[in-house]
>>> print(open('upload.pdb').read())   # PDB, C-alpha atoms
MODEL        1
ATOM      1  CA  MET A 286    -111.384  95.327 -46.569
ATOM      2  CA  SER A 287    -110.264  92.160 -44.900
ATOM      3  CA  MET A 288    -110.591  90.157 -48.098
ATOM      4  CA  HIS A 289    -108.488  92.677 -50.049
ATOM      5  CA  ALA A 290    -105.786  92.651 -47.413
ATOM      6  CA  LYS A 291    -105.685  88.871 -47.499
ATOM      7  CA  THR A 292    -105.290  88.892 -51.206
ATOM      8  CA  ASP A 293    -102.366  91.261 -51.039
ATOM      9  CA  SER A 294    -100.591  89.080 -48.500
ATOM     10  CA  GLU A 295    -101.090  85.981 -50.603
ATOM     11  CA  VAL A 296     -99.668  87.764 -53.576
ATOM     12  CA  THR A 297     -96.710  88.910 -51.575
ATOM     13  CA  SER A 298     -96.041  85.406 -50.246
ATOM     14  CA  LEU A 299     -96.325  83.842 -53.682
ATOM     15  CA  THR A 300     -93.912  86.401 -55.083
ATOM     16  CA  ALA A 301     -91.397  85.743 -52.333
ATOM     17  CA  SER A 302     -91.608  81.949 -52.657
ATOM     18  CA  SER A 303     -91.309  81.786 -56.506
ATOM     19  CA  PRO A 304     -87.720  81.372 -57.871
ATOM     20  CA  THR A 305     -85.953  84.243 -59.469
ATOM     21  CA  ARG A 306     -85.919  83.947 -63.229
ATOM     22  CA  SER A 307     -82.691  84.396 -65.074
ATOM     23  CA  PRO A 308     -82.435  87.307 -67.409
ATOM     24  CA  GLN A 309     -83.255  86.578 -71.020
ATOM     25  CA  ARG A 310     -80.215  85.714 -73.146
ATOM     26  CA  PRO A 311     -79.559  88.062 -76.053
ATOM     27  CA  VAL A 312     -80.190  86.782 -79.547
ATOM     28  CA  TYR A 313     -77.816  87.599 -82.428
ATOM     29  CA  TYR A 314     -78.699  87.650 -86.096
ATOM     30  CA  VAL A 315     -76.358  86.603 -88.903
ATOM     31  CA  GLN A 316     -77.061  87.779 -92.366
ATOM     32  CA  SER A 317     -76.193  85.323 -95.154
ATOM     33  CA  PRO A 318     -76.162  86.466 -98.779
ATOM     34  CA  SER A 319     -78.351  84.655-101.247
ATOM     35  CA  ARG A 320     -79.175  85.244-104.807
ATOM     36  CA  ASP A 321     -82.911  85.771-104.959
ATOM     37  CA  SER A 322     -83.294  87.460-108.240
ATOM     38  CA  HIS A 323     -81.559  87.643-111.556
ATOM     39  CA  ASP A 324     -82.504  90.683-113.480
ATOM     40  CA  GLY A 325     -80.868  91.343-116.885
ATOM     41  CA  GLY A 326     -77.570  89.712-115.989
ATOM     42  CA  LYS A 327     -77.396  91.648-112.692
ATOM     43  CA  THR A 328     -77.678  89.879-109.437
ATOM     44  CA  THR A 329     -79.364  91.457-106.449
ATOM     45  CA  ASN A 330     -78.228  90.065-103.119
ATOM     46  CA  SER A 331     -80.719  89.817-100.323
ATOM     47  CA  PHE A 332     -79.856  88.917 -96.824
ATOM     48  CA  HIS A 333     -81.751  86.578 -94.583
ATOM     49  CA  SER A 334     -81.390  86.801 -90.907
ATOM     50  CA  THR A 335     -80.724  83.621 -89.027
ATOM     51  CA  PRO A 336     -80.940  83.681 -85.279
ATOM     52  CA  VAL A 337     -77.869  82.384 -83.519
ATOM     53  CA  LEU A 338     -77.486  82.042 -79.806
ATOM     54  CA  SER A 339     -74.754  83.783 -77.954
ATOM     55  CA  PRO A 340     -71.573  81.755 -77.162
ATOM     56  CA  SER A 341     -72.755  81.284 -73.602
ATOM     57  CA  GLY A 342     -75.921  79.614 -74.782
ATOM     58  CA  SER A 343     -76.263  76.013 -75.932
ATOM     59  CA  PRO A 344     -78.268  75.064 -79.052
ATOM     60  CA  SER A 345     -81.485  73.287 -78.385
ATOM     61  CA  ARG A 346     -82.401  69.852 -79.627
ATOM     62  CA  GLN A 347     -84.757  71.403 -82.134
ATOM     63  CA  SER A 348     -82.012  73.500 -83.729
ATOM     64  CA  ARG A 349     -79.742  70.403 -84.043
ATOM     65  CA  ASN A 350     -82.527  68.407 -85.648
ATOM     66  CA  SER A 351     -83.277  71.182 -88.105
ATOM     67  CA  SER A 352     -79.611  71.527 -89.077
ATOM     68  CA  SER A 353     -79.227  67.785 -89.566
ATOM     69  CA  THR A 354     -82.423  67.788 -91.622
ATOM     70  CA  ARG A 355     -81.069  70.538 -93.839
ATOM     71  CA  TYR A 356     -77.765  68.661 -94.295
ATOM     72  CA  SER A 357     -79.413  65.377 -95.131
ATOM     73  CA  GLY A 358     -81.787  67.075 -97.505
ATOM     74  CA  SER A 359     -78.947  68.655 -99.437
ATOM     75  CA  VAL A 360     -77.445  65.247-100.298
ATOM     76  CA  ARG A 361     -78.485  63.970-103.695
ATOM     77  CA  PRO A 362     -80.226  60.596-103.768
ATOM     78  CA  GLY A 363     -77.685  59.165-106.190
ATOM     79  CA  SER A 364     -74.794  59.853-103.817
ATOM     80  CA  ARG A 365     -75.960  57.174-101.394
ATOM     81  CA  LYS A 366     -75.795  54.381-103.955
ATOM     82  CA  GLY A 367     -73.706  51.534-102.694
ATOM     83  CA  GLY A 368     -74.038  52.406 -99.026
ATOM     84  CA  PRO A 369     -71.062  51.983 -96.712
ATOM     85  CA  HIS A 370     -69.268  49.747 -99.193
ATOM     86  CA  HIS A 371     -69.323  52.493-101.778
ATOM     87  CA  LEU A 372     -67.759  54.918 -99.340
ATOM     88  CA  LYS A 373     -65.118  52.393 -98.409
ATOM     89  CA  GLY A 374     -64.249  51.894-102.066
ATOM     90  CA  GLU A 375     -63.863  55.627-102.563
ATOM     91  CA  LYS A 376     -61.456  55.824 -99.637
ATOM     92  CA  GLY A 377     -59.412  52.955-101.066
ATOM     93  CA  PHE A 378     -59.310  54.664-104.450
ATOM     94  CA  ASP A 379     -58.071  57.876-102.841
ATOM     95  CA  ALA A 380     -55.329  55.934-101.037
ATOM     96  CA  ILE A 381     -54.225  54.351-104.304
ATOM     97  CA  GLU A 382     -54.088  57.742-105.983
ATOM     98  CA  GLU A 383     -51.891  59.066-103.203
ATOM     99  CA  GLU A 384     -49.428  56.209-103.709
ATOM    100  CA  GLY A 385     -49.116  57.014-107.390
ATOM    101  CA  LEU A 386     -50.536  53.766-108.798
ATOM    102  CA  TYR A 387     -52.666  55.600-111.355
ATOM    103  CA  ASP A 388     -51.488  58.172-113.849
ATOM    104  CA  GLU A 389     -53.322  61.302-114.974
ATOM    105  CA  ASN A 390     -55.420  59.380-117.512
ATOM    106  CA  GLY A 391     -56.608  56.895-114.891
ATOM    107  CA  ARG A 392     -54.472  54.016-116.183
ATOM    108  CA  ARG A 393     -52.803  51.815-113.655
ATOM    109  CA  GLY A 394     -49.002  52.095-113.403
ATOM    110  CA  ILE A 395     -46.214  50.088-111.759
ATOM    111  CA  PRO A 396     -46.017  50.353-107.952
ATOM    112  CA  ARG A 397     -42.796  51.766-106.603
ATOM    113  CA  ARG A 398     -42.075  48.648-104.588
ATOM    114  CA  CYS A 399     -41.851  46.704-107.878
ATOM    115  CA  TYR A 400     -39.133  48.922-109.385
ATOM    116  CA  PHE A 401     -36.172  47.032-107.930
ATOM    117  CA  PRO A 402     -37.425  43.494-108.792
ATOM    118  CA  ALA A 403     -38.269  44.708-112.289
ATOM    119  CA  PHE A 404     -34.773  46.160-112.651
ATOM    120  CA  VAL A 405     -33.157  42.889-111.493
ATOM    121  CA  VAL A 406     -35.272  40.796-113.851
ATOM    122  CA  GLY A 407     -34.559  43.112-116.763
ATOM    123  CA  PHE A 408     -30.831  43.059-116.038
ATOM    124  CA  PHE A 409     -30.723  39.273-116.013
ATOM    125  CA  VAL A 410     -32.751  39.072-119.220
ATOM    126  CA  LEU A 411     -30.407  41.461-121.028
ATOM    127  CA  PHE A 412     -27.325  39.745-119.619
ATOM    128  CA  THR A 413     -28.609  36.324-120.689
ATOM    129  CA  PHE A 414     -29.370  37.631-124.155
ATOM    130  CA  PHE A 415     -25.878  39.123-124.432
ATOM    131  CA  ALA A 416     -24.296  35.856-123.244
ATOM    132  CA  LEU A 417     -26.286  33.866-125.795
ATOM    133  CA  VAL A 418     -25.151  36.227-128.539
ATOM    134  CA  LEU A 419     -21.511  35.727-127.545
ATOM    135  CA  TRP A 420     -21.969  31.965-127.302
ATOM    136  CA  GLY A 421     -23.613  31.856-130.726
ATOM    137  CA  ALA A 422     -20.846  33.997-132.230
ATOM    138  CA  ALA A 423     -18.138  31.765-130.760
ATOM    139  CA  ARG A 424     -19.576  28.398-131.860
ATOM    140  CA  PRO A 425     -18.700  28.675-135.580
ATOM    141  CA  GLN A 426     -15.104  29.618-134.782
ATOM    142  CA  LYS A 427     -13.908  26.079-134.156
ATOM    143  CA  PRO A 428     -10.190  25.364-133.990
ATOM    144  CA  VAL A 429      -8.462  23.651-136.887
ATOM    145  CA  ILE A 430      -6.179  20.625-136.453
ATOM    146  CA  THR A 431      -3.813  19.540-139.188
ATOM    147  CA  MET A 432      -1.856  16.312-138.737
ATOM    148  CA  ARG A 433       1.738  16.604-139.817
ATOM    149  CA  SER A 434       3.800  13.456-139.284
ATOM    150  CA  ILE A 435       4.841  10.530-137.101
ATOM    151  CA  ALA A 436       8.402   9.383-136.622
ATOM    152  CA  PHE A 437       9.324   5.977-135.150
ATOM    153  CA  ASP A 438      12.431   6.248-133.061
ATOM    154  CA  GLN A 439      12.249   2.670-131.843
ATOM    155  CA  PHE A 440      10.182  -0.363-132.791
ATOM    156  CA  VAL A 441      11.575  -3.576-131.390
ATOM    157  CA  VAL A 442      10.042  -7.044-130.952
ATOM    158  CA  ASN A 443      11.662  -9.439-128.496
ATOM    159  CA  ALA A 444      10.695 -12.681-126.811
ATOM    160  CA  GLY A 445       9.796 -12.408-123.163
ATOM    161  CA  ALA A 446       7.186 -13.080-120.501
ATOM    162  CA  ASP A 447       4.481 -10.978-118.938
ATOM    163  CA  ALA A 448       4.000 -10.268-115.237
ATOM    164  CA  SER A 449       2.338 -13.645-114.659
ATOM    165  CA  GLY A 450       5.155 -15.551-116.329
ATOM    166  CA  VAL A 451       3.362 -16.323-119.597
ATOM    167  CA  ALA A 452       5.864 -16.508-122.475
ATOM    168  CA  THR A 453       5.025 -14.174-125.348
ATOM    169  CA  GLU A 454       6.600 -11.661-127.646
ATOM    170  CA  MET A 455       7.123  -8.192-126.212
ATOM    171  CA  VAL A 456       7.048  -4.896-128.109
ATOM    172  CA  THR A 457       8.944  -1.734-127.236
ATOM    173  CA  LEU A 458       7.835   1.250-129.280
ATOM    174  CA  ASN A 459       8.797   4.910-129.179
ATOM    175  CA  ALA A 460       7.411   7.454-131.664
ATOM    176  CA  THR A 461       6.788  11.192-132.024
ATOM    177  CA  VAL A 462       3.526  12.569-133.385
ATOM    178  CA  LYS A 463       3.292  16.140-134.673
ATOM    179  CA  PHE A 464       0.255  18.175-135.588
ATOM    180  CA  ASN A 465      -0.614  21.824-136.052
ATOM    181  CA  PHE A 466      -3.261  23.543-133.872
ATOM    182  CA  ARG A 467      -4.807  26.816-135.034
ATOM    183  CA  ASN A 468      -7.278  28.917-133.084
ATOM    184  CA  ARG A 469      -9.757  30.673-135.364
ATOM    185  CA  GLY A 470     -11.357  32.672-132.564
ATOM    186  CA  THR A 471     -11.307  36.395-133.270
ATOM    187  CA  PHE A 472     -12.064  37.567-129.724
ATOM    188  CA  PHE A 473     -11.144  34.689-127.393
ATOM    189  CA  GLY A 474      -8.295  32.316-126.612
ATOM    190  CA  VAL A 475      -8.643  28.615-125.859
ATOM    191  CA  HIS A 476      -7.261  26.151-123.321
ATOM    192  CA  VAL A 477      -6.228  22.936-125.076
ATOM    193  CA  SER A 478      -5.913  19.371-123.771
ATOM    194  CA  SER A 479      -6.536  15.902-125.206
ATOM    195  CA  THR A 480      -7.380  12.323-124.471
ATOM    196  CA  PRO A 481      -4.474   9.830-124.556
ATOM    197  CA  LEU A 482      -3.023   9.189-127.998
ATOM    198  CA  ASP A 483      -3.392   5.445-128.609
ATOM    199  CA  LEU A 484      -1.188   3.774-131.184
ATOM    200  CA  ALA A 485      -2.591   0.282-131.696
ATOM    201  CA  TYR A 486      -2.330  -2.782-133.846
ATOM    202  CA  THR A 487      -5.908  -3.852-134.584
ATOM    203  CA  GLU A 488      -7.358  -3.633-131.047
ATOM    204  CA  LEU A 489      -4.099  -4.050-129.134
ATOM    205  CA  THR A 490      -2.646  -0.786-127.845
ATOM    206  CA  LEU A 491       1.136  -0.706-128.297
ATOM    207  CA  ALA A 492       1.930   2.852-127.131
ATOM    208  CA  THR A 493       0.205   5.845-125.581
ATOM    209  CA  GLY A 494       0.909   9.570-125.173
ATOM    210  CA  THR A 495      -0.747  12.721-123.835
ATOM    211  CA  VAL A 496      -0.808  16.295-125.083
ATOM    212  CA  LYS A 497       0.482  18.755-122.506
ATOM    213  CA  LYS A 498      -2.113  21.368-121.704
ATOM    214  CA  PHE A 499      -1.489  24.771-123.247
ATOM    215  CA  TYR A 500      -3.213  28.055-123.964
ATOM    216  CA  GLN A 501      -3.591  29.348-127.497
ATOM    217  CA  SER A 502      -4.339  33.031-128.017
ATOM    218  CA  ARG A 503      -6.884  34.301-130.530
ATOM    219  CA  LYS A 504      -5.984  33.855-134.186
ATOM    220  CA  GLY A 505      -2.857  31.996-133.093
ATOM    221  CA  HIS A 506      -1.391  28.611-134.032
ATOM    222  CA  ARG A 507       1.400  26.299-132.905
ATOM    223  CA  LEU A 508       3.068  23.021-133.748
ATOM    224  CA  VAL A 509       2.344  20.381-131.114
ATOM    225  CA  SER A 510       4.728  17.498-130.584
ATOM    226  CA  VAL A 511       3.643  14.444-128.562
ATOM    227  CA  ASN A 512       5.768  11.507-127.500
ATOM    228  CA  VAL A 513       4.025   8.122-127.796
ATOM    229  CA  GLN A 514       5.711   5.129-126.232
ATOM    230  CA  GLY A 515       5.156   1.612-124.931
ATOM    231  CA  VAL A 516       7.703  -0.514-123.071
ATOM    232  CA  ARG A 517       7.593  -4.309-123.231
ATOM    233  CA  VAL A 518       3.980  -4.601-124.200
ATOM    234  CA  PRO A 519       2.914  -8.288-124.497
ATOM    235  CA  LEU A 520       1.448  -9.280-127.851
ATOM    236  CA  TYR A 521      -0.173 -12.600-126.795
ATOM    237  CA  GLY A 522      -0.051 -13.865-130.335
ATOM    238  CA  GLY A 523      -1.233 -10.617-131.831
ATOM    239  CA  GLY A 524       1.876 -10.153-133.915
ATOM    240  CA  VAL A 525       2.027 -13.703-135.222
ATOM    241  CA  ASN A 526       2.126 -12.441-138.798
ATOM    242  CA  TRP A 527       4.945 -10.052-138.165
ATOM    243  CA  SER A 528       8.259 -10.730-139.756
ATOM    244  CA  SER A 529      11.283  -9.836-137.697
ATOM    245  CA  GLU A 530      14.991 -10.554-137.545
ATOM    246  CA  ASN A 531      17.039 -10.107-134.408
ATOM    247  CA  GLY A 532      14.207  -8.074-132.950
ATOM    248  CA  LYS A 533      13.936  -5.816-135.989
ATOM    249  CA  LEU A 534      10.850  -5.801-138.159
ATOM    250  CA  THR A 535      11.456  -6.633-141.761
ATOM    251  CA  ALA A 536       7.892  -6.179-143.111
ATOM    252  CA  PRO A 537       5.361  -3.330-142.977
ATOM    253  CA  VAL A 538       2.964  -3.259-140.005
ATOM    254  CA  PRO A 539      -0.446  -1.486-140.160
ATOM    255  CA  LEU A 540      -1.231   0.696-137.132
ATOM    256  CA  ASN A 541      -4.019   2.988-135.978
ATOM    257  CA  LEU A 542      -3.705   6.296-134.146
ATOM    258  CA  ASN A 543      -6.742   7.672-132.317
ATOM    259  CA  PHE A 544      -7.232  10.605-129.935
ATOM    260  CA  THR A 545      -9.504  13.607-129.278
ATOM    261  CA  VAL A 546      -8.351  17.185-128.896
ATOM    262  CA  LYS A 547     -10.375  19.296-126.432
ATOM    263  CA  ALA A 548     -10.458  23.086-126.468
ATOM    264  CA  LYS A 549     -12.314  25.337-124.022
ATOM    265  CA  ALA A 550     -12.785  29.090-124.324
ATOM    266  CA  TYR A 551     -13.720  31.593-121.588
ATOM    267  CA  VAL A 552     -15.585  34.234-123.573
ATOM    268  CA  LEU A 553     -17.368  35.859-120.613
ATOM    269  CA  GLY A 554     -15.558  34.496-117.602
ATOM    270  CA  LYS A 555     -16.981  31.167-116.511
ATOM    271  CA  LEU A 556     -20.500  32.083-117.621
ATOM    272  CA  VAL A 557     -19.910  31.608-121.365
ATOM    273  CA  LYS A 558     -17.597  28.651-121.992
ATOM    274  CA  PRO A 559     -17.855  27.249-125.515
ATOM    275  CA  LYS A 560     -16.195  23.841-125.863
ATOM    276  CA  PHE A 561     -14.737  22.257-128.984
ATOM    277  CA  HIS A 562     -13.913  18.587-129.526
ATOM    278  CA  LYS A 563     -11.943  17.316-132.487
ATOM    279  CA  LYS A 564     -11.691  13.568-132.962
ATOM    280  CA  VAL A 565      -8.610  12.434-134.891
ATOM    281  CA  SER A 566      -8.227   9.017-136.500
ATOM    282  CA  CYS A 567      -5.192   8.031-138.572
ATOM    283  CA  ALA A 568      -4.313   4.900-140.497
ATOM    284  CA  ILE A 569      -0.531   4.411-140.464
ATOM    285  CA  VAL A 570       1.684   1.855-142.148
ATOM    286  CA  TYR A 571       5.027   1.404-140.496
ATOM    287  CA  LYS A 572       7.785   0.547-143.007
ATOM    288  CA  PRO A 573      11.040  -0.602-141.476
ATOM    289  CA  PRO A 574      14.201   0.917-142.965
ATOM    290  CA  LYS A 575      16.118  -1.162-145.444
ATOM    291  CA  VAL A 576      19.387  -0.443-143.733
ATOM    292  CA  ILE A 577      19.756  -1.734-140.192
ATOM    293  CA  ASN A 578      20.203   0.977-137.529
ATOM    294  CA  ALA A 579      19.240   3.650-140.062
ATOM    295  CA  ILE A 580      17.321   6.699-138.847
ATOM    296  CA  ASN A 581      13.616   6.374-139.569
ATOM    297  CA  LYS A 582      12.228   9.174-141.666
ATOM    298  CA  PRO A 583       8.994  10.826-140.509
ATOM    299  CA  ILE A 584       5.878   9.417-142.123
ATOM    300  CA  SER A 585       3.541  12.069-143.477
ATOM    301  CA  LEU A 586       0.035  12.007-142.065
ATOM    302  CA  LYS A 587      -1.383  14.666-144.343
ATOM    303  CA  ASN A 588      -3.546  12.247-146.311
ATOM    304  CA  SER A 589      -3.811   9.493-143.694
ATOM    305  CA  CYS A 590      -5.989  11.123-141.040
ATOM    306  CA  THR A 591      -9.562  12.255-140.629
ATOM    307  CA  VAL A 592     -10.496  15.040-138.213
ATOM    308  CA  VAL A 593     -14.124  15.370-137.174
TER     309      VAL A 593
ENDMDL
END
>>> encode(input="upload.pdb", output="structure tokens")
Amino acid sequence: MSMHAKTDSEVTSLTASSPTRSPQRPVYYVQSPSRDSHDGGKTTNSFHSTPVLSPSGSPSRQSRNSSSTRYSGSVRPGSRKGGPHHLKGEKGFDAIEEEGLYDENGRRGIPRRCYFPAFVVGFFVLFTFFALVLWGAARPQKPVITMRSIAFDQFVVNAGADASGVATEMVTLNATVKFNFRNRGTFFGVHVSSTPLDLAYTELTLATGTVKKFYQSRKGHRLVSVNVQGVRVPLYGGGVNWSSENGKLTAPVPLNLNFTVKAKAYVLGKLVKPKFHKKVSCAIVYKPPKVINAINKPISLKNSCTVV
């Protein structure tokens, strides 16, 4: 009896000293459909129950390992080819697709940030092409210069001395040169000027003149008159063969007239400016009048000049 009583007390003490166990957490089951059989085109769905802990419970390490194992097992072996670099490339490709660099067929297009530079470059290419077309169309339409005449109002030779006191014969010459300028341009006008008109005996310049600048409209023409003069120009023996009487020449004197006419057109503002140069060279023979103090008649230059 004593041994049985002792056993009951030990059991009672052990029960009182052991910790109170928590109540067992409920277990929920989730049914997931799966196609287990395929009979004559009809599919029979069977449900498998998967235990899931209640929200208050936390999954164990074993459940996490099993889920990760199932996930890794579902990945095909070929999908891991390339490793991290392959994944990085796929992300970059997705980013490029979002920016619109590839079209539907997979061909690469022009980035949007290149639209404006491409537009600027294309504009300048087209504008340059248009300017070249205008320049090429304007080049053949060169102006035409026709020499008309020269009239000597005064041609006197007198003895004198130059600025240094050297005695020599001095020439005073005054003449008027006329020529016709015609602009052949069909869609542009021209601004006209010239180099000095030099009237010389051999290489000695006796008189000079300058064309006043003017503007000639398209398909227009005008008669240009230029005064050429020289006052007391020393000959230094250059006119030794001249024959004169009382300062008046009594024999013909050969002279040369040289100048260059310049024309500039503004076809497209200052961007397209075709220029035209016409070099004029005339061989003139001055014939003094037979009657003293008679008015000199204009000398025709129609067949005496070359225009290049």
>>> resolve_selection(input="upload.pdb", expression="the PyMOL selection byres ((chain A and resi 544) around 8)", output="list of chain:residue names")
A:Ser479, A:Thr480, A:Pro481, A:Leu482, A:Asp483, A:Leu542, A:Asn543, A:Thr545, A:Val546, A:Lys564, A:Val565, A:Ser566
>>> residues_around(input="upload.pdb", residues="Val525 of chain A", least_positions_apart="5", cutoff="12 Å", atoms="all atoms listed in the file", output="ChimeraX atom specification")
/A:442,453-455,486,520,538
>>> closest_residue(input="upload.pdb", among="A:Phe499, A:Ile584, A:Ala536, A:Asn526", to="Ala568 of chain A", atoms="all atoms listed in the file")
A:Ile584
>>> closest_atom_pairs(input="upload.pdb", of="segment 434-474 of chain A", to="segment 505-513 of chain A", cutoff="10 Å", atoms="only C-alpha atoms", output="Markdown table")
| residue | atom | partner | partner_atom | distance |
| --- | --- | --- | --- | --- |
| A:Ser434 | CA | A:Ser510 | CA | 9.6 |
| A:Ile435 | CA | A:Val511 | CA | 9.5 |
| A:Ala436 | CA | A:Asn512 | CA | 9.7 |
| A:Phe437 | CA | A:Val513 | CA | 9.3 |
| A:Leu458 | CA | A:Val513 | CA | 8.0 |
| A:Asn459 | CA | A:Val513 | CA | 5.9 |
| A:Ala460 | CA | A:Val513 | CA | 5.2 |
| A:Thr461 | CA | A:Asn512 | CA | 4.6 |
| A:Val462 | CA | A:Val511 | CA | 5.2 |
| A:Lys463 | CA | A:Ser510 | CA | 4.5 |
| A:Phe464 | CA | A:Val509 | CA | 5.4 |
| A:Asn465 | CA | A:Leu508 | CA | 4.5 |
| A:Phe466 | CA | A:His506 | CA | 5.4 |
| A:Arg467 | CA | A:His506 | CA | 4.0 |
| A:Asn468 | CA | A:Gly505 | CA | 5.4 |
| A:Arg469 | CA | A:Gly505 | CA | 7.4 |
| A:Gly470 | CA | A:Gly505 | CA | 8.5 |
| A:Thr471 | CA | A:Gly505 | CA | 9.5 |
| A:Gly474 | CA | A:Gly505 | CA | 8.5 |
>>> residues_near_point(input="upload.pdb", point="(-18.8, 27.5, -127.9)", cutoff="12 Å", atoms="all atoms listed in the file", output="number ranges by chain")
A: 416-428, 470, 473-475, 547-553, 556-562
>>> resolve_selection(input="upload.pdb", expression="the PyMOL selection byres ((chain A and resi 589) around 7)", output="list in words")
Cys567, Ala568, Ile569, Leu586, Lys587, Asn588 and Cys590 of chain A
>>> write_last_selection(input="upload.pdb", atoms="C-alpha atoms", output="PDB file, in the coordinates of the input")
ATOM      1  CA  CYS A 567      -5.192   8.031-138.572  1.00  0.00           C
ATOM      2  CA  ALA A 568      -4.313   4.900-140.497  1.00  0.00           C
ATOM      3  CA  ILE A 569      -0.531   4.411-140.464  1.00  0.00           C
ATOM      4  CA  LEU A 586       0.035  12.007-142.065  1.00  0.00           C
ATOM      5  CA  LYS A 587      -1.383  14.666-144.343  1.00  0.00           C
ATOM      6  CA  ASN A 588      -3.546  12.247-146.311  1.00  0.00           C
ATOM      7  CA  CYS A 590      -5.989  11.123-141.040  1.00  0.00           C
TER       8      CYS A 590
END
>>> axis_aligned_box(input="upload.pdb", around="segment 496-511 of chain A", padding_each_side="8 Å", output="lines of an AutoDock Vina configuration file")
center_x = -1.1
center_y = 24.4
center_z = -127.9
size_x = 27.6
size_y = 35.9
size_z = 28.5
>>> residues_around(input="upload.pdb", residues="Val516 of chain A", least_positions_apart="6", cutoff="8 Å", atoms="all atoms listed in the file", output="mmCIF file with C-alpha atoms, in the frame of the given file")
data_model
loop_
_atom_site.group_PDB
_atom_site.id
_atom_site.type_symbol
_atom_site.label_atom_id
_atom_site.label_comp_id
_atom_site.auth_asym_id
_atom_site.auth_seq_id
_atom_site.Cartn_x
_atom_site.Cartn_y
_atom_site.Cartn_z
ATOM 1 C CA VAL A 456 7.048 -4.896 -128.109
ATOM 2 C CA THR A 457 8.944 -1.734 -127.236
ATOM 3 C CA LEU A 458 7.835 1.250 -129.280
ATOM 4 C CA ALA A 492 1.930 2.852 -127.131
#
>>> atom_distance(input="upload.pdb", atom1="atom CA of Lys575 of chain A", atom2="atom CA of Trp527 of chain A")
16.0 Å
>>> atom_distance(input="upload.pdb", atom1="atom CA of Lys498 of chain A", atom2="atom CA of Leu540 of chain A")
25.8 Å
>>> atom_distance(input="upload.pdb", atom1="atom CA of Gly554 of chain A", atom2="atom CA of Val406 of chain A")
21.0 Å
